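Working notes, beginning with the structure itself.
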Protein chains: 2
Amino acid sequence: MTDPDIKARLFVAAAIDAGLRLTLPSAQTHYLLGVLRLKAGDAVALFNGRDGEWLAHLGVQTRKACALDIERRLKPQRPSADLWLLFAPIKRARLDFIAEKATELGVTGLQAVFTQFTVITRVNVERLRANAIEAAEQCGRLDVPEIFAPAKLDDVLDTWPNGRRLLFCDESGASPPIVPALASENVGQNRAWAVLIGPEGGFHPDERARLRAFPGTVSVGLGPRILRADTAAIAALALWQVLIGDWRAVT
Amino acid sequence: MTDPDIKARLFVAAAIDAGLRLTLPSAQTHYLLGVLRLKAGDAVALFNGRDGEWLAHLGVQTRKACALDIERRLKPQRPSADLWLLFAPIKRARLDFIAEKATELGVTGLQAVFTQFTVITRVNVERLRANAIEAAEQCGRLDVPEIFAPAKLDDVLDTWPNGRRLLFCDESGASPPIVPALASENVGQNRAWAVLIGPEGGFHPDERARLRAFPGTVSVGLGPRILRADTAAIAALALWQVLIGDWRAVT
């Protein structure tokens with residue numbers, strides 16, 4: 001919390017502006033009244049990904065409905081470094097974890113990709129989104145990562161956005177370490193990137209060959225040990241932020 | 001697995017040498033026979049933290065006991081970079097997670113430290129150790145991190161080992177980013193280090209002052225967002241391995 005008087009931090013979909021009164025949906029009402037036990041007049045911070053962070057106060061309330069009276073802007077909206085995480089889906093608890101950690105580490109987009117060795121066939125997109133929102137509220141971000149519909153790796157590559165770089169985390173041991181590989185990139189360009197993490201069984205050789213040859217790909221290794229997919233995702237995102245993203249300048 | 005024929009990888013406490021027959025405890029017997037459904041003659045890799053990695057074959061078995069016949073050494077023991085993780089204890093699921101991830105990221109020692117704002121008062125050391133062993137078996141390490149008895153932060157600092165550097169992850173925003181802070185360190189010296197992560201509520205100002213002034217401390221910030229303790233631990237360990245440890249040279 002940036003202000004000791006602020007009791008909660010909420011992501012809302014609605015537009016935010018001074019003087020507006022916002023009626024909250026039942027889940028957020030329950031969180032504020034039932035879980036945090038806030039009272040009328042308590043201060044809450046709001047963000048919607050567009051208008052910065054705002055101070056609001058809990059207005060009239062019943063046990064099942066509450067409204068927030070929006071007062072003033074606390075922080076302007078800042079653009080986030082444009083970083084996606086593409087991951088082969090894994091077991092639910094680890095997927096919750098990836099959504100939470102990737103959000104804390106600043107990703108702006110999250111997508112499950114099905115590879116040839118992916119075992120899981122269904123991904124709960126709403127659950128991913130709920131985890132991302134909760135993590136964004138917790139970590140002080142002013143936006144929430146976009147959750148893209150799950151897709152096959154080949155389809156994702158067939159429709160790859162022009163100019164977006166791909167950091168391919170290659171578990172085969174054949175790619176160079178991440179620091180020298182990224183050090184030669186022009187980090188000042190503020191380009192869009194995506195980090196790609198494979199399934200526990202690794203990539204198929206055909207996938208690996210396509211990824212290595214894909215335009216704009218940087219293939220990197222992540223050390224001498226075999227990392228689980230969630231460990232690899234967190235490590236790669238932290239390293240990207242440190243070498244290219246928003247951990248470089250400020251603390 | 002380094003060899004496609006190897007069906008499991010086990011940490012054992014006993015000495016390993018060619019020609020020895022090893023009787024396994026009941027938990028490992030259950031894992032090999034009940035969970036993995038191995039049969040007589042199947043290949044298993046063994047390590048004990050001292051003698052490298054060895055090939056063994058499942059010998060005679062009953063449903064409740066099995067023995068491994070040790071054949072030959074597959075890999076020599078390599079020394080691990082000397083890196084401890086000291087962490088304020090957190091909720092159980094996240095603690096399991098820290099033990100697993102820290103092991104994958106190569107720590108050689110793990111210790112829970114109680115700080116002034118630590119809420120949790122009990123730590124299950126055996127559970128930490130079991131998680132570390134399982135992760136070591138999974139990630140291809142040849143050793144298992146040592147689990148030290150939990151202790152108060154002040155006591156840990158009072159008995160600090162001579163010459164061990166301390167990477168203090170300072171959530172206050174007052175410390176420099178990790179890359180320039182560690183870039184000035186003499187990474188070739190192969191020194192012993194420890195990474196320290198505080199509780200969710202942060203450090204007390206007195207603790208922070210003592211840590212900043214502590215001999216051999218490097219205080220660093222981990223980016224502009226508020227990280228959960230487990231995210232901070234994983235990020236800091238990956239960054240240490242990349243900048244100072246064993247992710248520098250090889251992939």
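Ordering of the structure tokens sets the chain letters (A, B, ...); residue numbers start at 1 within each chain; ligands are numbered from 1 in the order shown.
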
Check your understanding: Counting only C-alpha atoms, which residues of chain B come no farther than 8 Å from chain A, as a ChimeraX atom specification?
Key -> /B:101,104-106,138-141,173-179,220-228,231,234-235,238-239,242,246-251

Can I get the selection written as a short mmCIF file (atom, residue, chain, number, x, y, z; two decimals), in the first residue's frame, with N, CA, C and O atoms?
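And here is the file that came out, part37.cif:
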data_model
loop_
_atom_site.label_atom_id
_atom_site.label_comp_id
_atom_site.auth_asym_id
_atom_site.auth_seq_id
_atom_site.Cartn_x
_atom_site.Cartn_y
_atom_site.Cartn_z
N LYS B 101 11.79 -24.70 -5.52
CA LYS B 101 12.39 -23.79 -6.49
C LYS B 101 13.84 -23.47 -6.13
O LYS B 101 14.71 -23.38 -7.00
N GLU B 104 15.97 -26.34 -7.23
CA GLU B 104 16.18 -26.31 -8.68
C GLU B 104 17.16 -25.22 -9.09
O GLU B 104 17.88 -25.35 -10.07
N LEU B 105 17.15 -24.12 -8.33
CA LEU B 105 18.01 -22.99 -8.66
C LEU B 105 19.37 -23.10 -7.98
O LEU B 105 20.16 -22.16 -7.99
N GLY B 106 19.65 -24.25 -7.38
CA GLY B 106 21.03 -24.57 -6.99
C GLY B 106 21.48 -24.16 -5.60
O GLY B 106 22.67 -24.17 -5.34
N GLN B 138 14.62 -34.64 -9.13
CA GLN B 138 13.95 -34.24 -10.37
C GLN B 138 14.84 -33.39 -11.29
O GLN B 138 14.77 -33.52 -12.50
N CYS B 139 15.66 -32.53 -10.70
CA CYS B 139 16.34 -31.52 -11.52
C CYS B 139 17.74 -31.93 -11.95
O CYS B 139 18.41 -31.17 -12.64
N GLY B 140 18.18 -33.12 -11.53
CA GLY B 140 19.48 -33.60 -12.00
C GLY B 140 20.67 -33.18 -11.16
O GLY B 140 21.81 -33.42 -11.55
N ARG B 141 20.43 -32.53 -10.01
CA ARG B 141 21.54 -32.19 -9.11
C ARG B 141 22.22 -33.43 -8.58
O ARG B 141 21.59 -34.48 -8.45
N GLY B 173 12.65 -0.02 -1.41
CA GLY B 173 12.80 0.87 -2.56
C GLY B 173 14.01 1.77 -2.45
O GLY B 173 14.30 2.56 -3.35
N ALA B 174 14.78 1.65 -1.35
CA ALA B 174 15.92 2.55 -1.13
C ALA B 174 17.24 1.97 -1.64
O ALA B 174 18.26 2.65 -1.59
N SER B 175 17.24 0.70 -2.10
CA SER B 175 18.49 0.09 -2.55
C SER B 175 18.58 0.07 -4.07
O SER B 175 17.57 0.11 -4.76
N PRO B 176 19.81 0.00 -4.61
CA PRO B 176 19.98 0.04 -6.07
C PRO B 176 19.51 -1.25 -6.74
O PRO B 176 19.38 -2.28 -6.08
N PRO B 177 19.28 -1.20 -8.07
CA PRO B 177 18.90 -2.41 -8.80
C PRO B 177 20.00 -3.48 -8.71
O PRO B 177 21.17 -3.16 -8.52
N ILE B 178 19.63 -4.73 -8.87
CA ILE B 178 20.53 -5.84 -8.60
C ILE B 178 21.68 -5.95 -9.59
O ILE B 178 22.80 -6.30 -9.20
N VAL B 179 21.46 -5.62 -10.87
CA VAL B 179 22.54 -5.82 -11.84
C VAL B 179 23.74 -4.93 -11.58
O VAL B 179 24.85 -5.44 -11.42
N VAL B 220 19.98 -4.79 -2.39
CA VAL B 220 19.46 -4.58 -3.75
C VAL B 220 17.94 -4.48 -3.74
O VAL B 220 17.27 -5.03 -2.87
N GLY B 221 17.42 -3.79 -4.73
CA GLY B 221 15.98 -3.74 -4.97
C GLY B 221 15.62 -4.71 -6.08
O GLY B 221 16.45 -5.03 -6.93
N LEU B 222 14.38 -5.18 -6.07
CA LEU B 222 13.92 -6.14 -7.09
C LEU B 222 12.74 -5.55 -7.86
O LEU B 222 11.63 -6.09 -7.84
N GLY B 223 13.02 -4.42 -8.53
CA GLY B 223 12.03 -3.88 -9.46
C GLY B 223 10.95 -3.04 -8.82
O GLY B 223 10.87 -2.91 -7.60
N PRO B 224 10.07 -2.46 -9.67
CA PRO B 224 9.11 -1.46 -9.21
C PRO B 224 7.84 -2.02 -8.59
O PRO B 224 7.08 -1.26 -8.01
N ARG B 225 7.57 -3.33 -8.72
CA ARG B 225 6.34 -3.88 -8.16
C ARG B 225 6.61 -4.54 -6.81
O ARG B 225 7.74 -4.90 -6.49
N ILE B 226 5.55 -4.72 -6.02
CA ILE B 226 5.67 -5.40 -4.72
C ILE B 226 5.62 -6.90 -4.98
O ILE B 226 4.59 -7.42 -5.43
N LEU B 227 6.72 -7.61 -4.71
CA LEU B 227 6.76 -9.04 -4.96
C LEU B 227 6.39 -9.81 -3.70
O LEU B 227 6.78 -9.42 -2.59
N ARG B 228 5.66 -10.91 -3.86
CA ARG B 228 5.49 -11.83 -2.75
C ARG B 228 6.85 -12.42 -2.39
O ARG B 228 7.76 -12.45 -3.22
N THR B 231 8.09 -15.13 -4.80
CA THR B 231 8.52 -14.58 -6.09
C THR B 231 9.90 -13.93 -5.96
O THR B 231 10.77 -14.12 -6.80
N ILE B 234 12.73 -16.58 -5.72
CA ILE B 234 13.06 -17.25 -6.99
C ILE B 234 13.78 -16.28 -7.92
O ILE B 234 14.78 -16.63 -8.55
N ALA B 235 13.27 -15.05 -8.00
CA ALA B 235 13.89 -14.06 -8.88
C ALA B 235 15.33 -13.79 -8.44
O ALA B 235 16.26 -13.78 -9.25
N ALA B 238 17.69 -16.77 -9.22
CA ALA B 238 17.99 -16.88 -10.66
C ALA B 238 18.97 -15.80 -11.07
O ALA B 238 19.92 -16.05 -11.82
N LEU B 239 18.77 -14.58 -10.55
CA LEU B 239 19.65 -13.48 -10.92
C LEU B 239 21.06 -13.71 -10.38
O LEU B 239 22.05 -13.42 -11.06
N VAL B 242 22.78 -16.23 -12.59
CA VAL B 242 23.14 -15.65 -13.89
C VAL B 242 24.34 -14.72 -13.77
O VAL B 242 25.21 -14.70 -14.64
N ASP B 246 26.42 -20.53 -11.51
CA ASP B 246 26.73 -21.51 -12.55
C ASP B 246 25.88 -21.40 -13.82
O ASP B 246 25.93 -22.27 -14.67
N TRP B 247 25.08 -20.32 -13.95
CA TRP B 247 24.40 -20.09 -15.22
C TRP B 247 25.24 -19.23 -16.16
O TRP B 247 24.84 -18.94 -17.26
N ARG B 248 26.42 -18.79 -15.68
CA ARG B 248 27.19 -17.85 -16.49
C ARG B 248 27.82 -18.52 -17.69
O ARG B 248 27.72 -18.07 -18.82
N ALA B 249 28.48 -19.66 -17.42
CA ALA B 249 29.31 -20.25 -18.47
C ALA B 249 28.54 -21.22 -19.35
O ALA B 249 28.55 -21.13 -20.57
N VAL B 250 27.85 -22.16 -18.71
CA VAL B 250 27.22 -23.23 -19.48
C VAL B 250 25.71 -23.00 -19.56
O VAL B 250 25.17 -22.15 -18.89
N THR B 251 25.06 -23.73 -20.42
CA THR B 251 23.60 -23.65 -20.48
C THR B 251 22.99 -24.84 -19.77
O THR B 251 23.64 -25.84 -19.57
#

Point to revise | Long-range neighbours of stretch 83-89 of chain A as a list in words, 8 Å cut-off, only C-alpha atoms, 2 positions minimum in chain | key: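 Once the adjacent positions are removed, what remains is Ala81, Lys91, Leu95, Ala102, Gly106, Val107, Thr108, Gly109, Leu110, Gln111, Ala112, Val113, Phe114, Thr115, Thr118, Ile120, Thr121, Val123, Ala192, Trp193, Ala194, Val195, Leu196, Ile197, Gly198, Pro199 and Ala233 of chain A.
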
Exercise for review: Find the spatial neighbours of stretch 31-44 of chain B, counting only C-alpha atoms, within a cut-off of 10 Å - ignore same-chain residues fewer than 6 positions away - and output them as a list in words.
Suggested key: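 Using only C-alpha atoms, the neighbours found are Asp3, Pro4, Asp5, Ile6, Lys7, Ala8, Arg9, Leu10, Leu24, Trp54, Leu55, Ala56, His57, Leu58, Gly59, Val60, Gln61, Thr62, Arg63, Lys64, Ala65, Cys66, Ala67, Leu68, Asp69, Ile70 and Glu71 of chain B.
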
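Interatomic distance, atom CA of B:Pro145 against atom CA of B:Arg50: 12.5 Å.
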
Point to revise | Secondary structure check, strand (DSSP E or B) residues of stretch 120-237 of chain B, as a list of chain:residue names | key: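 Matching residues for strand (DSSP E or B) in stretch 120-237 of chain B are B:Glu146, B:Ile147, B:Ala151, B:Lys152, B:Arg165, B:Leu166, B:Leu167, B:Phe168, B:Cys169, B:Pro177, B:Trp193, B:Ala194, B:Val195, B:Leu196, B:Ile197, B:Thr217, B:Val218, B:Ser219, B:Val220, B:Gly221.
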
Practice item. Compare B:Ala151, B:Val12, B:Leu211, B:Leu128 by their minimum atom-to-atom distance to B:Leu167, counting only C-alpha atoms, and give me the closest one. Key: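 Ranked by minimum distance to B:Leu167, first place goes to B:Leu211.
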
Exercise for review: Mind listing the alpha helix (DSSP H) residues of stretch 9-243 of chain A, per DSSP on the backbone, as a ChimeraX atom specification?
Suggested key: /A:26-29,92-104,125-139,153-158,178-183,205-213,229-243

Practice item. Mind giving me the straight-line distance from atom CA of B:Ser184 to atom CA of B:Ala99 in Å, one decimal? Key: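 Computing the Euclidean distance for atom CA of B:Ser184 and atom CA of B:Ala99 yields 29.2 Å.
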
**Study point:** Residue among A:Ala130, A:Val144, A:Val125, A:Leu22 lying closest to A:Gly49, counting only C-alpha atoms
**Key:**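 That would be A:Val144, the residue with the smallest distance to A:Gly49.
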